[in-house]
Each structure stands twice: as C-alpha cells, then as structure tokens.
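Trainee: Contents of entry_19.txt (compact mmCIF, C-alpha atoms) are given next:
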# COMPACT_ATOMS: atom_id res chain seq x y z
CA MET A 253 -19.39 -12.36 -10.30
CA THR A 254 -16.11 -12.37 -12.19
CA ASP A 255 -14.45 -10.05 -14.65
CA THR A 256 -14.43 -11.92 -17.95
CA THR A 257 -12.64 -9.30 -20.03
CA THR A 258 -9.91 -10.73 -22.19
CA ALA A 259 -6.35 -10.51 -21.05
CA ALA A 260 -5.60 -8.56 -24.23
CA GLY A 261 -8.03 -5.90 -22.98
CA THR A 262 -6.29 -5.56 -19.66
CA ASP A 263 -2.84 -4.25 -18.93
CA ARG A 264 -0.77 -7.38 -19.55
CA GLU A 265 2.30 -5.76 -18.04
CA SER A 266 0.34 -5.21 -14.84
CA LEU A 267 -0.69 -8.87 -14.77
CA GLU A 268 2.88 -10.00 -15.37
CA ALA A 269 4.17 -7.68 -12.66
CA GLU A 270 1.55 -8.98 -10.24
CA ARG A 271 2.51 -12.58 -11.06
CA ASP A 272 6.21 -11.85 -10.50
CA PHE A 273 5.62 -10.12 -7.18
CA LEU A 274 3.34 -12.87 -5.91
CA LEU A 275 5.81 -15.62 -6.84
CA ARG A 276 8.65 -13.66 -5.27
CA SER A 277 6.54 -13.13 -2.18
CA LEU A 278 6.00 -16.88 -1.91
CA ASP A 279 9.76 -17.44 -2.07
CA ASP A 280 10.34 -14.80 0.60
CA LEU A 281 7.63 -16.34 2.74
CA GLU A 282 9.34 -19.74 2.63
CA ALA A 283 12.63 -18.11 3.60
CA GLU A 284 10.95 -16.35 6.53
CA ARG A 285 9.47 -19.63 7.75
CA ALA A 286 12.84 -21.38 7.42
CA ASP A 287 14.43 -18.65 9.54
CA GLY A 288 11.68 -18.88 12.15
CA ALA A 289 10.74 -15.23 11.50
CA ILE A 290 7.01 -15.82 10.98
CA ASP A 291 4.41 -17.63 13.06
CA ALA A 292 2.47 -20.59 11.70
CA GLU A 293 -0.87 -18.79 11.44
CA SER A 294 0.57 -15.81 9.55
CA TYR A 295 2.46 -18.18 7.26
CA ARG A 296 -0.69 -20.19 6.46
CA ARG A 297 -2.81 -17.11 5.83
CA LEU A 298 -0.27 -15.39 3.59
CA HIS A 299 0.68 -18.60 1.76
CA ASP A 300 -2.96 -19.41 0.93
CA ASP A 301 -3.62 -15.85 -0.20
CA TYR A 302 -0.49 -15.56 -2.37
CA THR A 303 -1.03 -19.00 -3.92
CA ALA A 304 -4.67 -18.39 -4.86
CA ARG A 305 -3.97 -14.97 -6.34
CA ALA A 306 -0.88 -16.13 -8.24
CA ALA A 307 -2.81 -19.05 -9.73
CA ALA A 308 -5.59 -16.71 -10.89
CA VAL A 309 -3.13 -14.33 -12.53
CA ILE A 310 -1.25 -17.18 -14.24
CA ARG A 311 -4.53 -18.56 -15.61
CA ALA A 312 -5.45 -15.09 -16.91
CA LEU A 313 -2.13 -14.81 -18.75
CA ARG A 314 -2.30 -18.39 -20.08
CA ASP A 315 -5.95 -18.54 -21.17
CA GLY A 316 -6.48 -14.96 -22.24
CA VAL A 317 -9.47 -14.60 -19.91
CA ASP A 318 -9.24 -12.67 -16.66
CA ALA A 319 -11.51 -14.68 -14.36
CA ARG A 320 -10.20 -13.29 -11.10
CA PRO A 321 -12.91 -12.33 -8.59
CA ALA A 322 -14.03 -8.77 -9.14
CA ALA A 323 -13.38 -6.27 -6.37
CA PRO A 324 -16.36 -6.34 -3.98
CA PRO A 325 -18.82 -3.43 -4.33
CA THR A 326 -18.63 -0.58 -1.88
CA SER A 327 -21.12 -1.00 0.95
CA SER A 328 -22.45 1.57 3.38
CA ARG A 329 -20.53 -0.14 6.19
CA ARG A 330 -17.18 0.69 4.61
CA ARG A 331 -17.79 4.26 3.40
CA ALA A 332 -16.29 5.76 6.54
CA LEU A 333 -13.22 3.56 6.12
CA ILE A 334 -12.80 4.69 2.52
CA VAL A 335 -13.01 8.37 3.43
CA ALA A 336 -10.46 8.04 6.21
CA GLY A 337 -8.15 5.75 4.27
CA VAL A 338 -8.00 7.51 0.93
CA VAL A 339 -7.72 10.98 2.44
CA ALA A 340 -4.88 9.75 4.63
CA PHE A 341 -3.12 8.16 1.67
CA ALA A 342 -3.42 11.32 -0.41
CA ALA A 343 -2.22 13.47 2.47
CA LEU A 344 1.20 11.87 2.20
CA ALA A 345 2.04 14.17 -0.71
CA GLY A 346 2.43 17.11 1.65
CA VAL A 347 4.41 15.09 4.19
CA ALA A 348 6.63 13.63 1.49
CA LEU A 349 7.26 17.03 -0.06
CA ALA A 350 8.39 18.43 3.26
CA ALA A 351 10.67 15.42 3.75
CA ALA A 352 12.18 15.78 0.30
CA LEU A 353 12.75 19.50 0.67
CA GLY A 354 14.27 18.96 4.10
CA ALA A 355 16.70 16.31 2.92
CA ARG A 356 20.29 17.31 2.22
CA LEU A 357 20.98 17.37 -1.51
CA PRO A 358 24.27 17.84 -3.37
CA GLY A 359 25.31 21.51 -2.97
CA GLN A 360 22.46 22.37 -0.59
CA THR A 361 22.10 23.19 3.06
CA SER A 362 20.28 20.90 5.47
CA SER A 363 17.12 23.00 4.90
CA GLY A 364 16.98 21.70 1.32
CA ASN A 365 17.63 25.13 -0.22
CA SER A 366 20.83 26.48 -1.66
CA GLY A 367 20.37 29.80 0.16
CA GLY A 368 18.51 28.73 3.27
CA ALA A 369 15.17 30.25 2.20
CA SER A 370 11.90 28.68 3.32
CA PRO A 371 10.46 25.97 1.02
CA SER A 372 8.19 27.27 -1.75
CA ALA A 373 6.82 26.18 -5.09
CA ALA A 374 9.95 27.58 -6.71
CA SER A 375 12.25 25.70 -4.38
CA ALA A 376 10.21 22.52 -4.97
CA ALA A 377 10.69 22.92 -8.73
CA GLN A 378 14.40 23.53 -8.19
CA THR A 379 14.62 20.47 -5.96
CA ARG A 380 12.97 18.37 -8.64
CA ARG A 381 15.48 19.55 -11.24
CA THR A 382 18.36 18.96 -8.84
CA LEU A 383 17.17 15.43 -8.09
CA GLN A 384 16.58 14.61 -11.75
CA ALA A 385 20.13 15.74 -12.48
CA ALA A 386 21.46 13.67 -9.58
CA VAL A 387 19.65 10.56 -10.86
CA ALA A 388 20.92 11.19 -14.38
CA ARG A 389 24.50 11.40 -13.07
CA ASN A 390 24.15 8.35 -10.86
CA PRO A 391 21.23 6.05 -11.74
CA ASN A 392 22.14 3.84 -8.78
CA ASP A 393 21.49 6.60 -6.20
CA SER A 394 18.51 5.11 -4.37
CA GLN A 395 18.21 8.02 -1.95
CA ALA A 396 17.92 10.56 -4.78
CA ARG A 397 15.31 8.38 -6.49
CA MET A 398 13.25 8.14 -3.29
CA GLN A 399 13.33 11.91 -2.85
CA LEU A 400 12.46 12.42 -6.51
CA ALA A 401 9.48 10.10 -6.12
CA PHE A 402 8.21 12.27 -3.24
CA ILE A 403 8.52 15.42 -5.33
CA LEU A 404 6.83 13.82 -8.36
CA GLU A 405 3.91 12.72 -6.25
CA SER A 406 3.52 16.24 -4.85
CA THR A 407 2.81 17.39 -8.42
CA ASN A 408 0.35 14.51 -8.97
CA ASP A 409 2.77 12.63 -11.22
CA LEU A 410 1.88 9.25 -9.75
CA ARG A 411 3.21 7.32 -12.72
CA GLY A 412 6.58 9.05 -12.43
CA ALA A 413 6.69 8.45 -8.67
CA LEU A 414 5.88 4.76 -9.16
CA GLN A 415 8.63 4.43 -11.74
CA GLN A 416 11.16 5.79 -9.25
CA TYR A 417 10.01 3.40 -6.52
CA ASP A 418 10.23 0.52 -8.98
CA GLU A 419 13.80 1.50 -9.85
CA VAL A 420 14.70 1.58 -6.16
CA THR A 421 13.32 -1.93 -5.63
CA LYS A 422 15.34 -3.13 -8.61
CA LEU A 423 18.49 -1.64 -7.07
CA ASP A 424 17.62 -2.98 -3.62
CA PRO A 425 15.00 -5.75 -3.55
CA THR A 426 14.97 -5.58 0.28
CA ASN A 427 13.89 -1.92 0.42
CA ALA A 428 10.59 -2.17 2.32
CA GLN A 429 9.98 1.58 2.21
CA ALA A 430 10.06 1.77 -1.59
CA GLU A 431 7.90 -1.36 -1.84
CA ALA A 432 5.32 0.02 0.58
CA GLN A 433 5.20 3.42 -1.09
CA ALA A 434 4.76 1.73 -4.48
CA GLY A 435 1.83 -0.23 -3.04
CA ARG A 436 0.28 2.99 -1.75
CA ILE A 437 0.71 4.73 -5.13
CA LEU A 438 -0.94 1.79 -6.90
CA TYR A 439 -3.89 2.03 -4.53
CA LEU A 440 -4.27 5.76 -5.12
CA THR A 441 -4.16 5.11 -8.86
CA ALA A 442 -6.92 2.50 -8.48
CA GLN A 443 -9.21 5.12 -6.96
CA ALA A 444 -8.87 7.26 -10.10
CA SER A 445 -9.04 4.34 -12.57
CA PRO A 446 -12.26 2.36 -11.99
CA ALA A 447 -11.76 0.20 -15.09
CA ASP A 448 -8.36 -0.99 -13.87
CA ALA A 449 -9.17 -0.90 -10.16
CA PRO A 450 -9.36 -4.69 -9.54
CA GLN A 451 -5.89 -5.30 -11.03
CA LEU A 452 -4.38 -2.24 -9.36
CA VAL A 453 -5.85 -3.09 -5.96
CA SER A 454 -4.60 -6.66 -6.22
CA LEU A 455 -1.12 -5.50 -7.17
CA SER A 456 -1.19 -2.87 -4.41
CA LYS A 457 -2.01 -5.51 -1.81
CA ALA A 458 0.70 -7.83 -3.14
CA ARG A 459 3.32 -5.13 -2.78
CA LEU A 460 2.15 -4.07 0.68
CA ASP A 461 2.14 -7.71 1.82
CA HIS A 462 5.65 -8.01 0.46
CA ALA A 463 6.79 -4.81 2.20
CA VAL A 464 5.55 -6.11 5.56
CA LEU A 465 7.33 -9.39 4.89
CA LEU A 466 10.58 -7.60 3.97
CA ASN A 467 10.61 -5.53 7.14
CA PRO A 468 7.92 -6.11 9.78
CA GLN A 469 9.40 -3.21 11.76
CA TYR A 470 8.66 -0.59 9.07
CA PRO A 471 5.54 1.12 10.51
CA ASP A 472 4.06 2.78 7.43
CA ALA A 473 3.64 -0.51 5.56
CA HIS A 474 1.29 -1.71 8.31
CA PHE A 475 -0.89 1.40 8.10
CA PHE A 476 -1.05 1.33 4.30
CA ARG A 477 -1.96 -2.35 4.42
CA ALA A 478 -4.70 -1.65 6.99
CA VAL A 479 -6.35 0.81 4.61
CA VAL A 480 -6.40 -1.66 1.72
CA LEU A 481 -7.56 -4.59 3.85
CA GLY A 482 -10.43 -2.61 5.33
CA ASN A 483 -11.53 -0.76 2.22
CA GLU A 484 -11.18 -3.37 -0.49
CA PHE A 485 -11.47 -6.74 1.23
CA GLN A 486 -13.71 -5.95 4.21
CA ASP A 487 -11.03 -7.62 6.34
CA TYR A 488 -11.79 -5.48 9.37
CA ALA A 489 -9.99 -7.83 11.74
CA GLY A 490 -6.88 -7.60 9.57
CA ALA A 491 -7.21 -3.80 9.37
CA MET A 492 -7.48 -3.60 13.16
CA ASN A 493 -4.40 -5.78 13.58
CA GLU A 494 -2.35 -3.69 11.16
CA CYS A 495 -3.42 -0.40 12.78
CA GLN A 496 -2.43 -1.78 16.16
CA ARG A 497 0.95 -2.85 14.82
CA TYR A 498 1.53 0.60 13.37
CA LEU A 499 0.65 2.29 16.66
CA LEU A 500 2.95 -0.03 18.60
CA LEU A 501 5.83 0.77 16.25
CA ALA A 502 5.10 4.49 15.83
CA PRO A 503 2.70 5.77 18.51
CA ASN A 504 3.52 9.36 17.54
CA GLY A 505 4.15 8.71 13.84
CA PRO A 506 2.72 10.81 11.00
CA TRP A 507 -0.16 8.35 10.54
CA ALA A 508 -0.95 7.87 14.24
CA ASP A 509 -4.15 9.94 14.27
CA SER A 510 -5.38 8.35 11.03
CA ALA A 511 -4.51 4.88 12.34
CA ARG A 512 -6.51 5.49 15.53
CA GLN A 513 -9.47 6.74 13.51
CA LEU A 514 -9.27 3.78 11.15
CA LEU A 515 -8.93 1.39 14.10
CA ALA A 516 -12.12 2.77 15.66
CA GLN A 517 -13.99 2.54 12.36
CA ALA A 518 -12.80 -1.02 11.71
CA THR A 519 -13.84 -2.01 15.22
CA SER A 520 -17.29 -0.52 14.63
CA ALA A 521 -17.63 -2.20 11.23
CA LEU A 522 -16.63 -5.55 12.71
CA ALA A 523 -19.18 -5.21 15.49
CA GLY A 524 -21.99 -4.47 13.05
CA PRO A 525 -24.99 -2.21 13.61
CA PRO A 526 -26.07 -1.83 17.24
CA THR A 527 -29.05 -3.86 18.32
CA THR A 528 -32.07 -2.18 19.89
CA ARG A 529 -32.88 -3.64 23.28
CA PRO A 530 -36.53 -3.58 24.39
CA ALA A 531 -37.32 -1.13 27.16
CA PRO A 532 -37.91 -2.75 30.56
CA PRO A 533 -41.57 -2.94 31.61
CA ARG A 534 -42.79 -0.12 33.80
CA LYS A 535 -43.42 -0.83 37.40
CA GLY A 536 -46.90 -2.11 37.98
CA THR A 537 -47.43 -3.45 34.42
CA PRO A 538 -47.85 -7.19 33.79
Please express what this file holds, its structure, as structure tokens.
Mentor:
Amino acid sequence: MTDTTTAAGTDRESLEAERDFLLRSLDDLEAERADGAIDAESYRRLHDDYTARAAAVIRALRDGVDARPAAPPTSSRRRALIVAGVVAFAALAGVALAAALGARLPGQTSSGNSGGASPSAASAAQTRRTLQAAVARNPNDSQARMQLAFILESTNDLRGALQQYDEVTKLDPTNAQAEAQAGRILYLTAQASPADAPQLVSLSKARLDHAVLLNPQYPDAHFFRAVVLGNEFQDYAGAMNECQRYLLLAPNGPWADSARQLLAQATSALAGPPTTRPAPPRKGTP
C-alpha cells in the first residue's frame, strides 16, 4: 500500500530537504568508494537504497503525488525494539543537558555555572540565555549552537534543537555529530507526528546514513541508526550490525546498555518464535 496524498498536502520543504540529503549522500558515497574507504557490499547496499529513495522523492515533487511506500505497520515482533529504542532516544535529553551544563561557556567555570553551584533548573535557564547570546554575537560558533541544541531539547523544543543542528551542518557539512543528532531528533518527532511519520522516518534514516558515511568512527550514529533500522524497516540484521559497531567503538559509552539490550532483541526477532520440539517417547512405548 502506498501513501497517495498530494505533495501539496505534505510538507514540501521536508521532501526537498530529503531529496537534497539523499543526492548529497550519493555524491559522498562515490567519493568514499573512490578513496577506498567503503567495501563493495556496503557501497552496493547504500547506493541502491539512496537511489531508490531519491527517485521516489523526486517523483513526488515532480508529479504532485507522494507514492513512496508507506512505513510498515508495527508488528508484535518489533514492539520490544520500539520500547527500547524510543526510550533510549528520549533519554538523551538528560545526558545532553548534563553535557551542556558541564561545558565551559564564556565567563563560566568548568562546572558550567558562573558561581560553581550545582546544576539546577535555574542554571539550565541561565545557560540557555547565555548560549543564545553567544550565538547572536557569533552565528558561526558551532560549539555554542551544539550546546544550545542540547538545552533546547531538554525543554522539549525539538524544532529549535533541529534548527541548531541544521545550522551546524551548514557551517560544517562534515560534522557527523550534528548530522546524527538531527537524524535522532527527526525520528523522535516522527513518533509524535503519525501523519508525517513516513516522511520524517525517511529523512531521519537519510541523515543517519549520511552521518555514518561522514565519520564511521562516531559511535552514536551507529546506535541511532540501529534503532531506526530495527523499528521502522525490520532490518534486524542491520540493527545487529550497527549495535555491534557501536559496542566496538564505545564499549562503555552512554548507550552501551541500550545497545546490548537492542542487540539481544534484534537477535531474537531475527531468529523468530521458538519452535516446539515433540517430547521423546517414554521408555517401553512403541
């Protein structure tokens, strides 16, 4: 089944952004292959995926009909993955807030506070104002924008956080962290916006794919990608692979426990329901 809503009824800007990211990802993929930085199988899989999705988006923009495949319905086999994945994604707000408060800001101590007091709601609000002022003074300050995005997300301002990540990627198109975090924010937004979920999930995956391509050594991008692959595409083998990559890069990272849980669930989903073996005949029976 396909979504046959008109392109005018969808977020055209979202479609255009998805098209641009997919085309840019194809260019980056060719560069990676030319440099010998990607194996043939990964190149083929990513190239086929990017090409098919880009063609669908371009047709939607050209014809005014969004005929991309609808996101597959949630099945009982993936409910455990969804619980683990979405809770883990949402949990980043607390981690990000602590990171932002702990970062050194203009005129602050290394604790993130002007007087050295412990972080609180008041200090978070002050940090937000400080960061907004820093960005206003220097719009090209990528670090301040990243920290501001963390703070905005902690107050559930996902749109504001995404805008900051987008600005960072404009300033530095090679910033894998900003690209990955933007992909994660888009996925969280999809969970709260069922009507726009197919477009948001597709764009989230494109940005996470791109983040992994930009920097295969950035651990978080692999974990975020594992969640989307498992939850939305039932690609349990891909989710397992990405969890394993994350754990190799960051065995004690902030997502390590969630990655191990997701890895076990993806393994179980891939294996399918256990089969019931017949009991052996009792001794003395024919």
Trainee: Which one of A:Gln451, A:Leu465, A:Arg459, A:Gln429 sits closest to Asp272 of chain A if you count all atoms listed in the file?
Mentor: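 Of A:Gln451, A:Leu465, A:Arg459, A:Gln429, the one nearest Asp272 of chain A is A:Arg459, counting all atoms listed in the file.
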Trainee: Which residues are close to Phe475 of chain A, i.e. within 10 Å by all atoms listed in the file, leaving aside same-chain residues fewer than 5 positions away? Reply as a list in words.
Mentor: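 Everything that qualifies: Gly337, Ala340, Phe341, Ala432, Leu460, Tyr470, Val480, Leu481, Ala491, Met492, Asn493, Glu494, Cys495, Gln496, Arg497, Tyr498, Leu499, Trp507, Ala508, Ser510, Ala511 and Leu514 of chain A.
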Trainee: For each of A:Val420, A:Ala523, A:Leu500, A:Ala308, take the minimum atom-to-atom distance to Met398 of chain A, counting only C-alpha atoms, then give the residue where this is smallest.
Mentor: A:Val420
Trainee: Quick one: pull the distance between atom CA of Ala269 of chain A and atom CA of Asp448 of chain A, Å, one decimal.
Mentor: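 Rounded to one decimal, the two atoms are 14.3 Å apart.
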Trainee: At a cut-off of 12 Å, using all atoms listed in the file, what residues contact Glu282 of chain A? Leave out same-chain residues fewer than 3 positions from it and give the result as a PyMOL selection string.
Mentor: chain A and resi 275-279+285-292+294-296+298-299+302+465
Trainee: Determine, counting all atoms listed in the file, every residue of protein, DNA or RNA that lies within 10 Å of (19.4, 8.4, -4.8) in the file coordinates, then give the result as a list in words.
Mentor: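 Checking each residue against the 10 Å limit leaves Leu357, Leu383, Gln384, Ala386, Val387, Asn390, Pro391, Asn392, Asp393, Ser394, Gln395, Ala396, Arg397, Met398, Gln399, Leu400, Gln416 and Val420 of chain A.
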Trainee: How would you write as a VMD selection string the residues that get within 6 Å of (1.9, -14.3, -7.0) in the file's frame, counting all atoms listed in the file?
Mentor: chain A and resid 271 273 to 275 302 305 to 306
Trainee: For each of A:Arg411, A:Arg477, A:Arg311, A:Arg264, take the minimum atom-to-atom distance to Arg436 of chain A, counting all atoms listed in the file, then give the residue where this is smallest.
Mentor: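 Between A:Arg411, A:Arg477, A:Arg311, A:Arg264, the residue approaching Arg436 of chain A most closely is A:Arg477.
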Trainee: From the set A:Ala502, A:Gly316, A:Gly435, A:His474, which residue has the shortest atom-to-atom contact distance to Leu410 of chain A, counting all atoms listed in the file?
Mentor: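 The closest residue to Leu410 of chain A is A:Gly435.
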Trainee: Any idea what the distance is between atom CA of Leu267 of chain A and atom CA of Ala312 of chain A?
Mentor: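 Atom CA of Leu267 of chain A sits 8.1 Å away from atom CA of Ala312 of chain A.
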Trainee: When you draw a straight line from atom CA of Arg381 of chain A to atom CA of Leu404 of chain A, how long is it in Å?
Mentor: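 Value for the atom CA of Arg381 of chain A-atom CA of Leu404 of chain A distance: 10.8 Å.
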